[in-house]
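What follows is one structure encoded as structure tokens, with my remarks underneath.
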Amino acid sequence: MGLLCRSISSRLDTEMVAVLNRSGRAVEMIARDGGPIASLAPHKREILFMGFALQVSMSGDCDDEFGKAATIIMRREKISILLFQVPDHVLVVMTGPLLEPASVQKKIMGLIRDRDGTSIMPDLKSD
């Protein structure tokens, strides 16, 4: 997973890339110095990450009815956050505000596919 974080961080203009376990604990994290995550108090970061893990977990509760979620995209005034379910983990990519998050989503899905040799969403194009 560390290789995936480094790959995304080096290819995209990110504020932070993290891999979280199912409890929301960061297993791997690369954050820009002086970025929003670096200035966040540790207890707030923990709450934020637990919320991301919970969001991804709860989205899976409706997979039978609506299909698997490829990505959860959150756009805030100062930041955009993309969440991806990867085996037993949650990949979090934080960037500056994005006008077109779908293009970044496709690039990240391609990097995930290249890492695993499989797509996280076989029926969605990631190129």
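Within each chain, counting starts at residue 1; across the structure tokens, chains are named A, B, ... in the order shown, with ligands numbered 1 upward in that order.
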Considering only strand (DSSP E) as DSSP defines it on the backbone, what residues of stretch 19-124 of chain A qualify? List them as a compact mmCIF listing (two decimals) with N, CA and C atoms, in the first residue's frame.
```txt
# COMPACT_ATOMS: atom_id res chain seq x y z
N VAL A 19 -3.73 5.47 3.38
CA VAL A 19 -4.42 4.18 3.39
C VAL A 19 -4.85 3.95 4.83
N LEU A 20 -6.16 3.72 4.99
CA LEU A 20 -6.73 3.51 6.31
C LEU A 20 -7.16 2.07 6.46
N ALA A 26 -4.70 5.30 10.15
CA ALA A 26 -3.80 5.42 9.00
C ALA A 26 -2.72 4.35 9.08
N VAL A 27 -2.67 3.52 8.06
CA VAL A 27 -1.64 2.50 7.94
C VAL A 27 -0.44 3.11 7.21
N GLU A 28 -0.74 4.01 6.28
CA GLU A 28 0.27 4.68 5.47
C GLU A 28 -0.27 6.07 5.17
N MET A 29 0.61 7.09 5.20
CA MET A 29 0.14 8.44 4.89
C MET A 29 1.30 9.28 4.38
N ILE A 30 1.02 10.01 3.32
CA ILE A 30 1.95 10.99 2.78
C ILE A 30 1.19 12.30 2.73
N ALA A 31 1.65 13.31 3.46
CA ALA A 31 0.97 14.60 3.52
C ALA A 31 1.94 15.72 3.17
N ILE A 72 -16.20 7.60 -3.53
CA ILE A 72 -17.00 8.61 -2.84
C ILE A 72 -16.21 9.91 -2.98
N ILE A 73 -16.85 10.92 -3.54
CA ILE A 73 -16.20 12.20 -3.77
C ILE A 73 -16.86 13.25 -2.90
N MET A 74 -16.04 13.95 -2.14
CA MET A 74 -16.53 15.02 -1.28
C MET A 74 -15.83 16.30 -1.72
N ARG A 75 -16.64 17.30 -2.09
CA ARG A 75 -16.08 18.59 -2.50
C ARG A 75 -16.44 19.62 -1.45
N SER A 80 -10.88 18.89 -1.92
CA SER A 80 -11.66 17.79 -2.48
C SER A 80 -11.08 16.50 -1.92
N ILE A 81 -11.96 15.56 -1.60
CA ILE A 81 -11.55 14.29 -1.01
C ILE A 81 -12.16 13.16 -1.82
N LEU A 82 -11.34 12.20 -2.21
CA LEU A 82 -11.81 11.03 -2.94
C LEU A 82 -11.50 9.80 -2.08
N LEU A 83 -12.51 8.96 -1.89
CA LEU A 83 -12.38 7.75 -1.09
C LEU A 83 -12.58 6.54 -2.00
N PHE A 84 -11.69 5.57 -1.89
CA PHE A 84 -11.76 4.35 -2.69
C PHE A 84 -11.68 3.15 -1.76
N GLN A 85 -12.51 2.15 -2.01
CA GLN A 85 -12.43 0.88 -1.28
C GLN A 85 -11.39 0.03 -2.00
N VAL A 86 -10.32 -0.30 -1.30
CA VAL A 86 -9.33 -1.24 -1.82
C VAL A 86 -9.34 -2.41 -0.84
N HIS A 89 -9.01 -2.11 3.02
CA HIS A 89 -8.54 -0.77 3.36
C HIS A 89 -9.38 0.30 2.65
N VAL A 90 -9.15 1.54 3.04
CA VAL A 90 -9.75 2.69 2.38
C VAL A 90 -8.60 3.58 1.92
N LEU A 91 -8.60 3.92 0.64
CA LEU A 91 -7.63 4.85 0.10
C LEU A 91 -8.25 6.23 0.12
N VAL A 92 -7.57 7.20 0.73
CA VAL A 92 -8.04 8.58 0.82
C VAL A 92 -7.07 9.45 0.04
N VAL A 93 -7.61 10.22 -0.90
CA VAL A 93 -6.80 11.17 -1.65
C VAL A 93 -7.41 12.54 -1.46
N MET A 94 -6.61 13.46 -0.93
CA MET A 94 -7.07 14.82 -0.67
C MET A 94 -6.29 15.76 -1.59
N THR A 95 -7.02 16.61 -2.29
CA THR A 95 -6.41 17.57 -3.20
C THR A 95 -6.99 18.95 -2.92
```
| field | Option closest in space to A:Lys107, from A:Leu12, A:Ala53, A:Leu3, A:Leu40 [counting only C-alpha atoms] | value | A:Leu12
| If you run DSSP on the backbone, which residues of chain A are alpha helix (DSSP H), as a PyMOL selection string? | chain A and resi 2-11+42-59+63-66+101-116
Residues from the last selection, N, CA and C atoms, saved as a CSV table (one decimal), in the first residue's frame:
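Saved as out-v2.csv:
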```csv
chain,number,residue,atom,x,y,z
A,2,GLY,N,2.0,1.2,0.6
A,2,GLY,CA,2.9,2.3,0.6
A,2,GLY,C,3.3,2.7,-0.8
A,3,LEU,N,3.6,1.7,-1.6
A,3,LEU,CA,3.9,2.0,-3.0
A,3,LEU,C,2.8,2.7,-3.7
A,4,LEU,N,1.6,2.3,-3.5
A,4,LEU,CA,0.4,3.0,-4.1
A,4,LEU,C,0.3,4.5,-3.6
A,5,CYS,N,0.5,4.7,-2.3
A,5,CYS,CA,0.5,6.1,-1.8
A,5,CYS,C,1.6,7.0,-2.5
A,6,ARG,N,2.8,6.4,-2.6
A,6,ARG,CA,3.9,7.1,-3.3
A,6,ARG,C,3.6,7.4,-4.7
A,7,SER,N,3.1,6.4,-5.4
A,7,SER,CA,2.7,6.5,-6.8
A,7,SER,C,1.7,7.6,-7.1
A,8,ILE,N,0.7,7.6,-6.3
A,8,ILE,CA,-0.4,8.6,-6.4
A,8,ILE,C,0.2,10.0,-6.1
A,9,SER,N,0.9,10.1,-5.0
A,9,SER,CA,1.5,11.4,-4.5
A,9,SER,C,2.4,12.0,-5.5
A,10,SER,N,3.2,11.1,-6.2
A,10,SER,CA,4.2,11.6,-7.1
A,10,SER,C,3.6,12.0,-8.5
A,11,ARG,N,2.5,11.4,-8.8
A,11,ARG,CA,1.9,11.6,-10.2
A,11,ARG,C,0.8,12.7,-10.2
A,42,PRO,N,-4.3,16.1,16.1
A,42,PRO,CA,-4.3,14.6,16.0
A,42,PRO,C,-5.7,14.0,16.3
A,43,HIS,N,-6.4,14.5,17.3
A,43,HIS,CA,-7.7,13.9,17.6
A,43,HIS,C,-8.7,14.2,16.5
A,44,LYS,N,-8.6,15.4,15.9
A,44,LYS,CA,-9.5,15.7,14.8
A,44,LYS,C,-9.2,14.9,13.5
A,45,ARG,N,-7.9,14.6,13.3
A,45,ARG,CA,-7.5,13.8,12.2
A,45,ARG,C,-8.1,12.4,12.4
A,46,GLU,N,-8.0,11.9,13.6
A,46,GLU,CA,-8.5,10.6,13.9
A,46,GLU,C,-10.0,10.5,13.7
A,47,ILE,N,-10.7,11.5,14.1
A,47,ILE,CA,-12.2,11.5,13.9
A,47,ILE,C,-12.5,11.6,12.4
A,48,LEU,N,-11.7,12.4,11.6
A,48,LEU,CA,-11.9,12.6,10.2
A,48,LEU,C,-11.7,11.2,9.5
A,49,PHE,N,-10.6,10.5,9.8
A,49,PHE,CA,-10.3,9.3,9.2
A,49,PHE,C,-11.3,8.2,9.6
A,50,MET,N,-11.8,8.2,10.8
A,50,MET,CA,-12.8,7.2,11.2
A,50,MET,C,-14.1,7.4,10.4
A,51,GLY,N,-14.4,8.7,10.2
A,51,GLY,CA,-15.6,9.1,9.4
A,51,GLY,C,-15.5,8.6,8.0
A,52,PHE,N,-14.3,8.7,7.4
A,52,PHE,CA,-14.1,8.2,6.0
A,52,PHE,C,-14.3,6.7,6.0
A,53,ALA,N,-13.7,6.0,6.9
A,53,ALA,CA,-13.8,4.5,6.9
A,53,ALA,C,-15.3,4.1,7.1
A,54,LEU,N,-16.0,4.8,8.0
A,54,LEU,CA,-17.4,4.5,8.2
A,54,LEU,C,-18.2,4.8,7.0
A,55,GLN,N,-18.0,5.9,6.3
A,55,GLN,CA,-18.7,6.2,5.0
A,55,GLN,C,-18.5,5.1,4.0
A,56,VAL,N,-17.3,4.7,3.8
A,56,VAL,CA,-17.1,3.6,2.8
A,56,VAL,C,-17.7,2.3,3.2
A,57,SER,N,-17.6,2.0,4.5
A,57,SER,CA,-18.2,0.8,5.0
A,57,SER,C,-19.8,0.8,4.8
A,58,MET,N,-20.4,1.9,5.2
A,58,MET,CA,-21.8,2.1,5.1
A,58,MET,C,-22.3,2.1,3.7
A,59,SER,N,-21.5,2.6,2.7
A,59,SER,CA,-21.9,2.6,1.3
A,59,SER,C,-22.1,1.2,0.8
A,63,ASP,N,-24.9,-2.2,-1.7
A,63,ASP,CA,-24.4,-2.7,-2.9
A,63,ASP,C,-25.3,-3.6,-3.7
A,64,ASP,N,-26.1,-4.4,-3.0
A,64,ASP,CA,-27.1,-5.3,-3.7
A,64,ASP,C,-28.1,-4.5,-4.5
A,65,GLU,N,-28.6,-3.4,-3.9
A,65,GLU,CA,-29.6,-2.6,-4.5
A,65,GLU,C,-29.1,-1.7,-5.6
A,66,PHE,N,-27.9,-1.1,-5.4
A,66,PHE,CA,-27.5,0.0,-6.3
A,66,PHE,C,-26.2,-0.3,-7.0
A,101,PRO,N,-13.6,16.4,-10.7
A,101,PRO,CA,-13.0,15.3,-9.9
A,101,PRO,C,-13.0,13.9,-10.7
A,102,ALA,N,-13.8,13.8,-11.7
A,102,ALA,CA,-13.9,12.5,-12.4
A,102,ALA,C,-12.6,12.2,-13.1
A,103,SER,N,-11.9,13.3,-13.6
A,103,SER,CA,-10.6,13.0,-14.3
A,103,SER,C,-9.5,12.5,-13.3
A,104,VAL,N,-9.5,13.1,-12.1
A,104,VAL,CA,-8.6,12.6,-11.1
A,104,VAL,C,-9.0,11.2,-10.6
A,105,GLN,N,-10.3,11.0,-10.5
A,105,GLN,CA,-10.8,9.6,-10.1
A,105,GLN,C,-10.3,8.6,-11.1
A,106,LYS,N,-10.4,8.9,-12.4
A,106,LYS,CA,-9.9,7.9,-13.4
A,106,LYS,C,-8.5,7.6,-13.3
A,107,LYS,N,-7.7,8.7,-13.1
A,107,LYS,CA,-6.2,8.5,-13.0
A,107,LYS,C,-5.9,7.6,-11.8
A,108,ILE,N,-6.5,7.8,-10.7
A,108,ILE,CA,-6.3,7.0,-9.5
A,108,ILE,C,-6.7,5.6,-9.7
A,109,MET,N,-7.9,5.4,-10.3
A,109,MET,CA,-8.4,4.0,-10.5
A,109,MET,C,-7.4,3.3,-11.4
A,110,GLY,N,-6.8,4.0,-12.4
A,110,GLY,CA,-5.8,3.4,-13.2
A,110,GLY,C,-4.6,3.0,-12.5
A,111,LEU,N,-4.1,3.8,-11.5
A,111,LEU,CA,-3.0,3.5,-10.7
A,111,LEU,C,-3.3,2.3,-9.8
A,112,ILE,N,-4.5,2.2,-9.3
A,112,ILE,CA,-4.9,1.1,-8.4
A,112,ILE,C,-4.9,-0.2,-9.3
A,113,ARG,N,-5.5,-0.1,-10.5
A,113,ARG,CA,-5.5,-1.2,-11.4
A,113,ARG,C,-4.1,-1.7,-11.7
A,114,ASP,N,-3.2,-0.7,-12.0
A,114,ASP,CA,-1.8,-1.1,-12.4
A,114,ASP,C,-1.1,-1.8,-11.2
A,115,ARG,N,-1.5,-1.4,-10.0
A,115,ARG,CA,-0.8,-2.0,-8.8
A,115,ARG,C,-1.3,-3.4,-8.6
A,116,ASP,N,-2.6,-3.6,-8.7
A,116,ASP,CA,-3.2,-4.9,-8.4
A,116,ASP,C,-3.3,-5.8,-9.7
```
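Take atom CA of A:Asp13 and atom CA of A:Asp88: the distance between them is 25.6 Å.
The coordinates place atom CA of A:Glu77 at 20.1 Å from atom CA of A:Asp33.
In terms of minimum interatomic distance to A:Pro36, A:Met16 ranks closest within A:Ala70, A:Cys62, A:Asn21, A:Met16, counting only C-alpha atoms.
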